[in-house]
$ cat data-v4.tsv   # TSV, C-alpha atoms (C1' of nucleotides)
chain	number	residue	atom	x	y	z
A	1	MET	CA	24.76	-78.81	-33.99
A	2	SER	CA	23.13	-75.42	-33.67
A	3	THR	CA	25.30	-72.51	-32.70
A	4	ILE	CA	24.30	-69.91	-30.17
A	5	VAL	CA	23.70	-67.46	-33.00
A	6	ASP	CA	21.33	-69.91	-34.67
A	7	ARG	CA	19.46	-70.47	-31.45
A	8	LEU	CA	18.93	-66.74	-31.02
A	9	ARG	CA	17.80	-66.31	-34.63
A	10	ASN	CA	15.45	-69.27	-34.36
A	11	SER	CA	13.84	-67.61	-31.36
A	12	GLY	CA	13.41	-64.33	-33.17
A	13	ILE	CA	16.17	-62.55	-31.30
A	14	GLN	CA	18.65	-60.30	-33.09
A	15	PRO	CA	22.09	-61.67	-32.25
A	16	THR	CA	23.96	-58.61	-31.04
A	17	PRO	CA	27.41	-59.06	-29.47
A	18	GLN	CA	26.00	-58.40	-26.00
A	19	ARG	CA	23.23	-60.94	-26.41
A	20	ILE	CA	25.64	-63.52	-27.76
A	21	ALA	CA	27.94	-63.00	-24.78
A	22	VAL	CA	25.05	-63.41	-22.34
A	23	ALA	CA	23.72	-66.42	-24.21
A	24	GLU	CA	27.08	-68.17	-24.34
A	25	PHE	CA	27.23	-68.10	-20.59
A	26	VAL	CA	23.67	-68.50	-19.43
A	27	LEU	CA	22.49	-71.08	-21.94
A	28	ASN	CA	25.45	-73.34	-21.18
A	29	THR	CA	25.50	-73.35	-17.41
A	30	ALA	CA	23.84	-75.58	-14.87
A	31	ALA	CA	24.68	-73.16	-12.06
A	32	HIS	CA	21.29	-71.39	-11.97
A	33	PRO	CA	22.88	-67.93	-11.86
A	34	THR	CA	21.18	-64.75	-10.73
A	35	ALA	CA	21.12	-61.79	-13.09
A	36	ASP	CA	24.01	-60.18	-11.26
A	37	GLU	CA	26.05	-63.37	-11.44
A	38	VAL	CA	25.48	-63.39	-15.18
A	39	TRP	CA	26.62	-59.79	-15.36
A	40	THR	CA	29.82	-60.58	-13.46
A	41	HIS	CA	30.70	-63.50	-15.72
A	42	VAL	CA	29.83	-61.79	-18.97
A	43	ARG	CA	31.82	-58.66	-18.16
A	44	ALA	CA	34.99	-60.73	-18.30
A	45	ARG	CA	34.45	-61.14	-22.04
A	46	CYS	CA	32.46	-58.02	-22.74
A	47	PRO	CA	33.56	-55.39	-20.22
A	48	THR	CA	31.35	-52.55	-21.47
A	49	ILE	CA	28.06	-54.36	-21.03
A	50	SER	CA	25.71	-52.70	-18.57
A	51	ARG	CA	23.55	-54.23	-15.88
A	52	ALA	CA	20.45	-52.97	-17.66
A	53	THR	CA	21.36	-54.81	-20.84
A	54	VAL	CA	21.93	-58.03	-18.92
A	55	TYR	CA	18.57	-57.74	-17.17
A	56	ASN	CA	16.77	-56.85	-20.39
A	57	THR	CA	18.48	-59.67	-22.24
A	58	LEU	CA	17.63	-62.26	-19.62
A	59	ASN	CA	14.00	-61.14	-19.62
A	60	LEU	CA	13.97	-61.30	-23.40
A	61	PHE	CA	15.40	-64.82	-23.39
A	62	ALA	CA	12.80	-65.84	-20.81
A	63	GLU	CA	9.96	-64.40	-22.91
A	64	LYS	CA	11.21	-66.33	-25.92
A	65	GLY	CA	11.40	-69.54	-23.96
A	66	LEU	CA	15.17	-69.97	-23.89
A	67	LEU	CA	15.31	-69.54	-20.12
A	68	LYS	CA	12.95	-70.16	-17.26
A	69	PRO	CA	13.13	-67.82	-14.26
A	70	GLN	CA	12.75	-69.83	-11.06
A	71	PRO	CA	11.72	-68.28	-7.72
A	72	LEU	CA	13.58	-70.86	-5.67
A	73	ARG	CA	15.69	-68.71	-3.39
A	74	GLU	CA	14.48	-65.90	-1.19
A	75	GLY	CA	14.77	-62.48	-2.71
A	76	VAL	CA	16.35	-63.40	-6.05
A	77	VAL	CA	15.32	-64.99	-9.29
A	78	VAL	CA	17.63	-67.58	-10.78
A	79	PHE	CA	17.68	-68.42	-14.49
A	80	ASP	CA	17.58	-71.96	-15.74
A	81	PRO	CA	18.37	-72.85	-19.37
A	82	HIS	CA	16.91	-76.28	-18.73
A	83	VAL	CA	13.36	-75.46	-19.78
A	84	LYS	CA	11.85	-78.93	-19.91
A	85	PRO	CA	10.12	-80.28	-16.76
A	86	HIS	CA	12.47	-81.30	-14.00
A	87	HIS	CA	12.84	-81.00	-10.26
A	88	HIS	CA	15.15	-78.98	-8.03
A	89	PHE	CA	17.28	-79.64	-5.01
A	90	ILE	CA	18.51	-76.70	-2.96
A	91	ASP	CA	21.64	-77.22	-0.90
A	92	GLU	CA	20.92	-75.71	2.49
A	93	ASP	CA	24.59	-75.04	3.20
A	94	THR	CA	25.55	-73.24	0.01
A	95	GLY	CA	22.20	-72.15	-1.44
A	96	LYS	CA	23.14	-73.84	-4.71
A	97	VAL	CA	20.30	-75.04	-6.89
A	98	ILE	CA	20.76	-78.41	-8.54
A	99	ASP	CA	18.65	-80.01	-11.26
A	100	VAL	CA	17.05	-83.36	-10.55
A	101	PRO	CA	15.93	-85.33	-13.63
A	102	TRP	CA	12.21	-85.69	-14.18
A	103	GLU	CA	12.46	-89.49	-14.12
A	104	ALA	CA	14.17	-89.58	-10.73
A	105	LEU	CA	10.89	-88.95	-8.93
A	106	ARG	CA	7.34	-90.07	-9.39
A	107	VAL	CA	4.41	-87.88	-8.35
A	108	ARG	CA	0.86	-89.19	-8.22
A	109	GLY	CA	-2.44	-87.49	-7.54
A	110	GLU	CA	-1.90	-84.14	-9.24
A	111	LYS	CA	-4.45	-84.90	-11.96
A	112	SER	CA	-7.27	-85.65	-9.56
A	113	LEU	CA	-7.11	-82.48	-7.49
A	114	GLU	CA	-10.64	-81.11	-7.39
A	115	GLY	CA	-10.84	-77.56	-8.65
A	116	PHE	CA	-7.28	-77.28	-9.91
A	117	GLU	CA	-6.05	-77.49	-13.48
A	118	VAL	CA	-2.37	-78.24	-13.01
A	119	ARG	CA	-0.39	-77.00	-16.01
A	120	GLU	CA	3.01	-77.77	-14.60
A	121	TYR	CA	4.55	-78.90	-11.38
A	122	GLN	CA	7.90	-79.63	-9.85
A	123	VAL	CA	9.22	-81.10	-6.66
A	124	VAL	CA	11.38	-78.68	-4.69
A	125	MET	CA	13.68	-80.41	-2.22
A	126	ARG	CA	15.94	-78.90	0.42
A	127	GLY	CA	18.68	-80.66	2.29
A	128	LYS	CA	22.36	-81.41	2.32
A	129	ARG	CA	24.65	-82.83	-0.32
A	130	ARG	CA	26.20	-86.05	0.78
A	131	LYS	CA	29.92	-86.29	0.12
B	1	MET	CA	-8.17	-73.93	22.92
B	2	SER	CA	-5.02	-71.83	23.09
B	3	THR	CA	-5.35	-68.13	22.60
B	4	ILE	CA	-3.01	-66.10	20.45
B	5	VAL	CA	-1.39	-64.70	23.58
B	6	ASP	CA	-0.70	-68.21	24.84
B	7	ARG	CA	0.80	-69.22	21.54
B	8	LEU	CA	3.18	-66.27	21.62
B	9	ARG	CA	4.16	-66.97	25.25
B	10	ASN	CA	4.68	-70.65	24.50
B	11	SER	CA	7.09	-69.67	21.75
B	12	GLY	CA	9.04	-67.34	24.01
B	13	ILE	CA	7.67	-64.17	22.45
B	14	GLN	CA	6.59	-61.24	24.59
B	15	PRO	CA	2.99	-60.52	23.62
B	16	THR	CA	3.00	-56.79	22.90
B	17	PRO	CA	-0.10	-55.20	21.35
B	18	GLN	CA	1.66	-54.90	18.00
B	19	ARG	CA	2.72	-58.53	17.98
B	20	ILE	CA	-0.74	-59.67	18.99
B	21	ALA	CA	-2.28	-57.66	16.18
B	22	VAL	CA	0.13	-59.15	13.65
B	23	ALA	CA	-0.37	-62.64	15.05
B	24	GLU	CA	-4.17	-62.41	14.98
B	25	PHE	CA	-4.04	-61.77	11.29
B	26	VAL	CA	-1.13	-63.78	10.02
B	27	LEU	CA	-1.58	-66.91	12.12
B	28	ASN	CA	-5.23	-67.21	11.12
B	29	THR	CA	-5.08	-66.67	7.38
B	30	ALA	CA	-4.67	-69.07	4.52
B	31	ALA	CA	-3.99	-66.21	2.11
B	32	HIS	CA	-0.17	-66.46	2.18
B	33	PRO	CA	0.26	-62.70	2.60
B	34	THR	CA	3.41	-60.74	1.89
B	35	ALA	CA	4.84	-58.56	4.66
B	36	ASP	CA	3.29	-55.48	3.12
B	37	GLU	CA	-0.11	-57.15	2.90
B	38	VAL	CA	0.17	-57.96	6.58
B	39	TRP	CA	1.03	-54.35	7.29
B	40	THR	CA	-2.02	-53.11	5.37
B	41	HIS	CA	-4.39	-55.44	7.21
B	42	VAL	CA	-2.95	-54.86	10.63
B	43	ARG	CA	-3.00	-51.07	10.31
B	44	ALA	CA	-6.79	-51.22	10.24
B	45	ARG	CA	-6.76	-52.34	13.86
B	46	CYS	CA	-3.48	-50.82	14.96
B	47	PRO	CA	-2.90	-47.69	12.85
B	48	THR	CA	0.35	-46.59	14.42
B	49	ILE	CA	2.27	-49.78	13.66
B	50	SER	CA	5.26	-49.25	11.43
B	51	ARG	CA	6.49	-51.30	8.50
B	52	ALA	CA	9.69	-52.06	10.40
B	53	THR	CA	7.78	-53.58	13.29
B	54	VAL	CA	5.76	-55.75	10.96
B	55	TYR	CA	8.88	-57.00	9.19
B	56	ASN	CA	10.70	-57.59	12.48
B	57	THR	CA	7.68	-59.35	13.95
B	58	LEU	CA	7.23	-61.63	10.96
B	59	ASN	CA	10.91	-62.55	11.05
B	60	LEU	CA	10.66	-63.21	14.76
B	61	PHE	CA	7.62	-65.45	14.28
B	62	ALA	CA	9.47	-67.31	11.53
B	63	GLU	CA	12.53	-67.83	13.76
B	64	LYS	CA	10.29	-69.22	16.48
B	65	GLY	CA	8.61	-71.59	14.09
B	66	LEU	CA	5.16	-70.01	14.03
B	67	LEU	CA	5.48	-69.07	10.37
B	68	LYS	CA	7.32	-70.42	7.39
B	69	PRO	CA	8.55	-67.96	4.76
B	70	GLN	CA	7.99	-69.42	1.32
B	71	PRO	CA	9.84	-68.20	-1.82
B	72	LEU	CA	7.00	-69.12	-4.15
B	73	ARG	CA	6.42	-65.89	-6.04
B	74	GLU	CA	9.00	-63.84	-7.87
B	75	GLY	CA	10.49	-61.02	-5.86
B	76	VAL	CA	8.49	-61.44	-2.66
B	77	VAL	CA	8.38	-63.74	0.29
B	78	VAL	CA	5.00	-64.95	1.47
B	79	PHE	CA	4.34	-66.13	5.00
B	80	ASP	CA	2.53	-69.35	5.76
B	81	PRO	CA	1.21	-70.19	9.25
B	82	HIS	CA	0.73	-73.76	8.08
B	83	VAL	CA	4.15	-75.04	9.13
B	84	LYS	CA	3.66	-78.78	8.71
B	85	PRO	CA	4.60	-80.36	5.37
B	86	HIS	CA	2.18	-79.65	2.57
B	87	HIS	CA	2.19	-78.71	-1.08
B	88	HIS	CA	1.34	-75.49	-2.93
B	89	PHE	CA	-0.70	-74.55	-5.94
B	90	ILE	CA	-0.15	-71.14	-7.53
B	91	ASP	CA	-2.99	-69.68	-9.53
B	92	GLU	CA	-1.46	-68.31	-12.72
B	93	ASP	CA	-4.24	-65.76	-13.19
B	94	THR	CA	-4.24	-64.17	-9.76
B	95	GLY	CA	-0.88	-65.19	-8.30
B	96	LYS	CA	-2.69	-66.57	-5.25
B	97	VAL	CA	-0.97	-69.35	-3.35
B	98	ILE	CA	-3.18	-72.18	-2.17
B	99	ASP	CA	-2.32	-74.99	0.24
B	100	VAL	CA	-2.64	-78.56	-0.98
B	101	PRO	CA	-2.83	-81.22	1.76
B	102	TRP	CA	0.13	-83.53	2.12
B	103	GLU	CA	-2.04	-86.60	1.57
B	104	ALA	CA	-3.40	-85.32	-1.74
B	105	LEU	CA	-0.20	-86.24	-3.54
B	106	ARG	CA	2.24	-89.07	-3.35
B	107	VAL	CA	5.92	-88.61	-4.19
B	108	ARG	CA	8.29	-91.53	-4.64
B	109	GLY	CA	12.00	-91.72	-5.22
B	110	GLU	CA	13.22	-88.82	-3.07
B	111	LYS	CA	14.89	-91.14	-0.58
B	112	SER	CA	16.99	-92.93	-3.15
B	113	LEU	CA	18.58	-89.88	-4.78
B	114	GLU	CA	22.31	-90.53	-4.88
B	115	GLY	CA	24.28	-87.82	-3.14
B	116	PHE	CA	21.32	-85.91	-1.72
B	117	GLU	CA	20.05	-85.94	1.81
B	118	VAL	CA	16.53	-84.61	1.42
B	119	ARG	CA	15.37	-82.93	4.64
B	120	GLU	CA	12.09	-81.63	3.28
B	121	TYR	CA	10.31	-81.35	0.00
B	122	GLN	CA	7.13	-80.03	-1.48
B	123	VAL	CA	5.37	-80.17	-4.80
B	124	VAL	CA	4.86	-76.73	-6.33
B	125	MET	CA	2.10	-76.67	-8.93
B	126	ARG	CA	1.05	-73.87	-11.25
B	127	GLY	CA	-2.12	-73.66	-13.27
B	128	LYS	CA	-5.67	-72.38	-13.26
B	129	ARG	CA	-8.45	-72.78	-10.75
B	130	ARG	CA	-11.43	-74.53	-12.24
B	131	LYS	CA	-14.74	-72.88	-11.44
C	1	DG	C1'	18.27	-48.34	35.28
C	2	DT	C1'	18.75	-51.89	32.21
C	3	DT	C1'	16.52	-54.50	28.86
C	4	DC	C1'	13.45	-54.96	25.26
C	5	DG	C1'	10.26	-53.24	21.73
C	6	DT	C1'	8.70	-49.53	18.74
C	7	DG	C1'	8.66	-45.96	15.06
C	8	DC	C1'	10.97	-43.22	11.94
C	9	DA	C1'	14.01	-42.45	8.38
C	10	DA	C1'	17.82	-43.77	5.95
C	11	DA	C1'	20.14	-47.38	3.69
C	12	DC	C1'	20.27	-51.40	1.01
C	13	DG	C1'	20.03	-54.93	-2.82
C	14	DG	C1'	17.80	-56.53	-6.77
C	15	DT	C1'	15.35	-54.96	-10.70
C	16	DT	C1'	13.04	-51.77	-13.98
C	17	DT	C1'	12.59	-47.60	-16.55
C	18	DG	C1'	13.41	-43.07	-19.12
C	19	DC	C1'	16.22	-41.22	-22.13
C	20	DA	C1'	19.82	-39.86	-25.28
C	21	DA	C1'	23.28	-41.84	-28.30
C	22	DC	C1'	24.04	-45.25	-31.60
C	23	DA	C1'	23.62	-49.19	-35.00
C	24	DA	C1'	21.25	-51.54	-38.42
C	25	DT	C1'	17.84	-51.76	-42.04
D	1	DA	C1'	13.97	-42.12	-41.69
D	2	DT	C1'	12.62	-45.63	-39.00
D	3	DT	C1'	13.28	-49.16	-35.94
D	4	DG	C1'	15.66	-51.59	-32.53
D	5	DT	C1'	19.61	-51.87	-29.05
D	6	DT	C1'	22.73	-50.08	-25.77
D	7	DG	C1'	24.56	-47.62	-21.58
D	8	DC	C1'	23.88	-44.59	-17.99
D	9	DA	C1'	21.51	-42.80	-14.23
D	10	DA	C1'	17.61	-42.41	-11.74
D	11	DA	C1'	13.71	-44.55	-9.96
D	12	DC	C1'	11.48	-48.26	-7.80
D	13	DC	C1'	10.08	-51.91	-4.60
D	14	DG	C1'	10.70	-55.09	-0.93
D	15	DT	C1'	13.37	-55.44	3.02
D	16	DT	C1'	16.82	-54.37	6.70
D	17	DT	C1'	19.20	-51.38	9.82
D	18	DG	C1'	20.63	-47.46	12.99
D	19	DC	C1'	19.07	-44.86	16.36
D	20	DA	C1'	16.50	-42.37	19.82
D	21	DC	C1'	12.32	-42.66	22.48
D	22	DG	C1'	9.34	-45.24	25.42
D	23	DA	C1'	7.49	-49.20	28.13
D	24	DA	C1'	8.20	-53.02	31.18
D	25	DC	C1'	10.62	-55.59	34.56

$ encode --input "data-v4.tsv" --output "structure tokens"
Amino acid sequence: MSTIVDRLRNSGIQPTPQRIAVAEFVLNTAAHPTADEVWTHVRARCPTISRATVYNTLNLFAEKGLLKPQPLREGVVVFDPHVKPHHHFIDEDTGKVIDVPWEALRVRGEKSLEGFEVREYQVVMRGKRRK
Amino acid sequence: MSTIVDRLRNSGIQPTPQRIAVAEFVLNTAAHPTADEVWTHVRARCPTISRATVYNTLNLFAEKGLLKPQPLREGVVVFDPHVKPHHHFIDEDTGKVIDVPWEALRVRGEKSLEGFEVREYQVVMRGKRRK
DNA sequence: GTTCGTGCAAACGGTTTGCAACAAT
DNA sequence: ATTGTTGCAAACCGTTTGCACGAAC
């Protein structure tokens, strides 16, 4: 089992207290938080951390491949620690973004698109959660 | 053949000169422009139009179903006059958004997702255009 | 004359940047 | 000493809003 500190070191990131605090939250959530939501959560444990540090840290994590920024909602970027291919469902009532496993859907035809070299793709669904 | 003015009237929109100018550009382009790109283009024909009017007009068109705002790029909304279901390809070099016909891809499994009522979906692809 | 649309400028929310202080090597 | 990291404030960019003027019914 690799600790958060190990994961940062393995990605070439110096594990400062601020970065560890951000990582502990954002790498272990499925909530697809925005940068400001990360800031709010992390301040509970690390009250002196600034917005700038949170933004810089999230961008650093994204550069190093620990996070994938997803432009799924209008006007904000959400951060997803689930970096392997998968799909997304967006709840129209709450705006919540929910992961859908890669194997849950099958897409055909993307390899035979003339003129396009598809490097990655995902299905983005919108609708309502059934209770 | 329905003119732009007819299309606006049919959607319950008063066809002012500014709205016609915006409509002539944005309803006839496949370029997926941002609001500011629309403003730049429209000012060539209608130099006194303000940013606010362009933003208000685009939002009005979207409300009336003439345009669909798409959160496909980070930090901006792009407007798509192609309102029927289709997919999108995003060129990683240029950032350009390109429509992919609905029939070009086949998706299976979205109806049998437990707990999700999928109202709409699209495949979002990223990669490079082949020359 | 009331309603609706426009233009301007200010405000706003999310994000980035410049910089000085600080920590680690 | 050098390099990297933080916090603060200011700047920035895309977008919305308040308001007064003007046009249309």

$ interface_residues --input "data-v4.tsv" --of "chain D" --to "chain A" --cutoff "9 Å" --atoms "all atoms listed in the file" --output "list of chain:residue names"
D:DT5, D:DT6, D:DG7, D:DC8, D:DG14

$ closest_atom_pairs --input "data-v4.tsv" --of "chain C" --to "chain B" --cutoff "9 Å" --atoms "all atoms listed in the file" --output "CSV"
residue,atom,partner,partner_atom,distance
C:DG5,C1',B:Thr16,CA,8.2
C:DT6,C1',B:Thr53,CA,6.9
C:DG7,C1',B:Ser50,CA,6.0
C:DC8,C1',B:Ser50,CA,8.3
C:DG14,C1',B:Gly75,CA,8.6

$ interface_residues --input "data-v4.tsv" --of "chain A" --to "chain B" --cutoff "9 Å" --atoms "all atoms listed in the file" --output "mmCIF file with C-alpha atoms, in the coordinates of the input"
data_model
loop_
_atom_site.group_PDB
_atom_site.id
_atom_site.type_symbol
_atom_site.label_atom_id
_atom_site.label_comp_id
_atom_site.auth_asym_id
_atom_site.auth_seq_id
_atom_site.Cartn_x
_atom_site.Cartn_y
_atom_site.Cartn_z
ATOM 1 C CA PRO A 69 13.130 -67.820 -14.260
ATOM 2 C CA GLN A 70 12.750 -69.830 -11.060
ATOM 3 C CA PRO A 71 11.720 -68.280 -7.720
ATOM 4 C CA LEU A 72 13.580 -70.860 -5.670
ATOM 5 C CA ARG A 73 15.690 -68.710 -3.390
ATOM 6 C CA GLU A 74 14.480 -65.900 -1.190
ATOM 7 C CA GLY A 75 14.770 -62.480 -2.710
ATOM 8 C CA VAL A 76 16.350 -63.400 -6.050
ATOM 9 C CA VAL A 77 15.320 -64.990 -9.290
ATOM 10 C CA PHE A 89 17.280 -79.640 -5.010
ATOM 11 C CA ASP A 91 21.640 -77.220 -0.900
ATOM 12 C CA VAL A 100 17.050 -83.360 -10.550
ATOM 13 C CA ALA A 104 14.170 -89.580 -10.730
ATOM 14 C CA LEU A 105 10.890 -88.950 -8.930
ATOM 15 C CA ARG A 106 7.340 -90.070 -9.390
ATOM 16 C CA VAL A 107 4.410 -87.880 -8.350
ATOM 17 C CA ARG A 108 0.860 -89.190 -8.220
ATOM 18 C CA GLY A 109 -2.440 -87.490 -7.540
ATOM 19 C CA GLU A 110 -1.900 -84.140 -9.240
ATOM 20 C CA SER A 112 -7.270 -85.650 -9.560
ATOM 21 C CA LEU A 113 -7.110 -82.480 -7.490
ATOM 22 C CA GLU A 114 -10.640 -81.110 -7.390
ATOM 23 C CA GLY A 115 -10.840 -77.560 -8.650
ATOM 24 C CA PHE A 116 -7.280 -77.280 -9.910
ATOM 25 C CA GLU A 117 -6.050 -77.490 -13.480
ATOM 26 C CA VAL A 118 -2.370 -78.240 -13.010
ATOM 27 C CA ARG A 119 -0.390 -77.000 -16.010
ATOM 28 C CA GLU A 120 3.010 -77.770 -14.600
ATOM 29 C CA TYR A 121 4.550 -78.900 -11.380
ATOM 30 C CA GLN A 122 7.900 -79.630 -9.850
ATOM 31 C CA VAL A 123 9.220 -81.100 -6.660
ATOM 32 C CA VAL A 124 11.380 -78.680 -4.690
ATOM 33 C CA MET A 125 13.680 -80.410 -2.220
ATOM 34 C CA ARG A 126 15.940 -78.900 0.420
ATOM 35 C CA GLY A 127 18.680 -80.660 2.290
ATOM 36 C CA LYS A 128 22.360 -81.410 2.320
ATOM 37 C CA ARG A 129 24.650 -82.830 -0.320
ATOM 38 C CA ARG A 130 26.200 -86.050 0.780
ATOM 39 C CA LYS A 131 29.920 -86.290 0.120
#

$ atom_distance --input "data-v4.tsv" --atom1 "atom CA of B:Ile20" --atom2 "atom C1' of D:DC25"
19.7 Å

$ atom_distance --input "data-v4.tsv" --atom1 "atom CA of B:Val97" --atom2 "atom CA of B:Ala31"
7.0 Å

$ atom_distance --input "data-v4.tsv" --atom1 "atom CA of A:Gly12" --atom2 "atom CA of A:Leu58"
14.3 Å

$ axis_aligned_box --input "data-v4.tsv" --around "stretch 86-96 of chain B" --padding-each-side "8 Å" --output "JSON"
{"center_x": -1.0, "center_y": -71.9, "center_z": -5.3, "size_x": 22.4, "size_y": 31.5, "size_z": 31.8}

$ decode --input "data-v4.tsv" --residues "stretch 52-60 of chain B" --atoms "all heavy atoms" --output "mmCIF file, in the first residue's frame"
data_model
loop_
_atom_site.group_PDB
_atom_site.id
_atom_site.type_symbol
_atom_site.label_atom_id
_atom_site.label_comp_id
_atom_site.auth_asym_id
_atom_site.auth_seq_id
_atom_site.Cartn_x
_atom_site.Cartn_y
_atom_site.Cartn_z
ATOM 1 N N ALA B 52 -22.512 43.018 -23.975
ATOM 2 C CA ALA B 52 -23.678 42.610 -23.186
ATOM 3 C C ALA B 52 -24.801 42.118 -24.095
ATOM 4 O O ALA B 52 -25.433 41.091 -23.820
ATOM 5 C CB ALA B 52 -24.153 43.762 -22.324
ATOM 6 N N THR B 53 -25.034 42.825 -25.171
ATOM 7 C CA THR B 53 -26.104 42.419 -26.080
ATOM 8 C C THR B 53 -25.804 41.061 -26.709
ATOM 9 O O THR B 53 -26.691 40.222 -26.851
ATOM 10 C CB THR B 53 -26.305 43.494 -27.160
ATOM 11 O OG1 THR B 53 -26.738 44.698 -26.522
ATOM 12 C CG2 THR B 53 -27.357 43.076 -28.170
ATOM 13 N N VAL B 54 -24.557 40.856 -27.062
ATOM 14 C CA VAL B 54 -24.199 39.558 -27.630
ATOM 15 C C VAL B 54 -24.434 38.446 -26.613
ATOM 16 O O VAL B 54 -25.065 37.425 -26.911
ATOM 17 C CB VAL B 54 -22.738 39.552 -28.118
ATOM 18 C CG1 VAL B 54 -22.302 38.146 -28.496
ATOM 19 C CG2 VAL B 54 -22.579 40.492 -29.310
ATOM 20 N N TYR B 55 -23.963 38.640 -25.401
ATOM 21 C CA TYR B 55 -24.170 37.623 -24.365
ATOM 22 C C TYR B 55 -25.658 37.401 -24.113
ATOM 23 O O TYR B 55 -26.131 36.259 -24.049
ATOM 24 C CB TYR B 55 -23.467 38.021 -23.067
ATOM 25 C CG TYR B 55 -21.999 37.654 -23.038
ATOM 26 C CD1 TYR B 55 -21.037 38.559 -23.445
ATOM 27 C CD2 TYR B 55 -21.597 36.391 -22.614
ATOM 28 C CE1 TYR B 55 -19.685 38.228 -23.418
ATOM 29 C CE2 TYR B 55 -20.245 36.056 -22.584
ATOM 30 C CZ TYR B 55 -19.305 36.969 -22.983
ATOM 31 O OH TYR B 55 -17.971 36.628 -22.956
ATOM 32 N N ASN B 56 -26.410 38.482 -23.973
ATOM 33 C CA ASN B 56 -27.845 38.339 -23.720
ATOM 34 C C ASN B 56 -28.534 37.623 -24.885
ATOM 35 O O ASN B 56 -29.400 36.778 -24.676
ATOM 36 C CB ASN B 56 -28.485 39.714 -23.507
ATOM 37 C CG ASN B 56 -28.032 40.362 -22.209
ATOM 38 O OD1 ASN B 56 -27.600 39.680 -21.286
ATOM 39 N ND2 ASN B 56 -28.112 41.675 -22.142
ATOM 40 N N THR B 57 -28.143 37.984 -26.091
ATOM 41 C CA THR B 57 -28.758 37.393 -27.275
ATOM 42 C C THR B 57 -28.455 35.898 -27.358
ATOM 43 O O THR B 57 -29.352 35.088 -27.616
ATOM 44 C CB THR B 57 -28.254 38.122 -28.533
ATOM 45 O OG1 THR B 57 -28.607 39.498 -28.431
ATOM 46 C CG2 THR B 57 -28.874 37.533 -29.778
ATOM 47 N N LEU B 58 -27.200 35.543 -27.110
ATOM 48 C CA LEU B 58 -26.849 34.124 -27.169
ATOM 49 C C LEU B 58 -27.617 33.336 -26.107
ATOM 50 O O LEU B 58 -28.127 32.238 -26.379
ATOM 51 C CB LEU B 58 -25.344 33.945 -26.987
ATOM 52 C CG LEU B 58 -24.484 34.475 -28.142
ATOM 53 C CD1 LEU B 58 -23.008 34.427 -27.771
ATOM 54 C CD2 LEU B 58 -24.744 33.681 -29.422
ATOM 55 N N ASN B 59 -27.741 33.895 -24.920
ATOM 56 C CA ASN B 59 -28.497 33.213 -23.871
ATOM 57 C C ASN B 59 -29.967 33.094 -24.240
ATOM 58 O O ASN B 59 -30.597 32.060 -23.987
ATOM 59 C CB ASN B 59 -28.330 33.936 -22.545
ATOM 60 C CG ASN B 59 -26.938 33.749 -21.973
ATOM 61 O OD1 ASN B 59 -26.229 32.801 -22.337
ATOM 62 N ND2 ASN B 59 -26.520 34.645 -21.101
ATOM 63 N N LEU B 60 -30.498 34.134 -24.857
ATOM 64 C CA LEU B 60 -31.881 34.094 -25.311
ATOM 65 C C LEU B 60 -32.069 32.999 -26.372
ATOM 66 O O LEU B 60 -32.998 32.187 -26.288
ATOM 67 C CB LEU B 60 -32.265 35.460 -25.879
ATOM 68 C CG LEU B 60 -33.672 35.595 -26.462
ATOM 69 C CD1 LEU B 60 -34.728 35.378 -25.384
ATOM 70 C CD2 LEU B 60 -33.846 36.964 -27.130
#
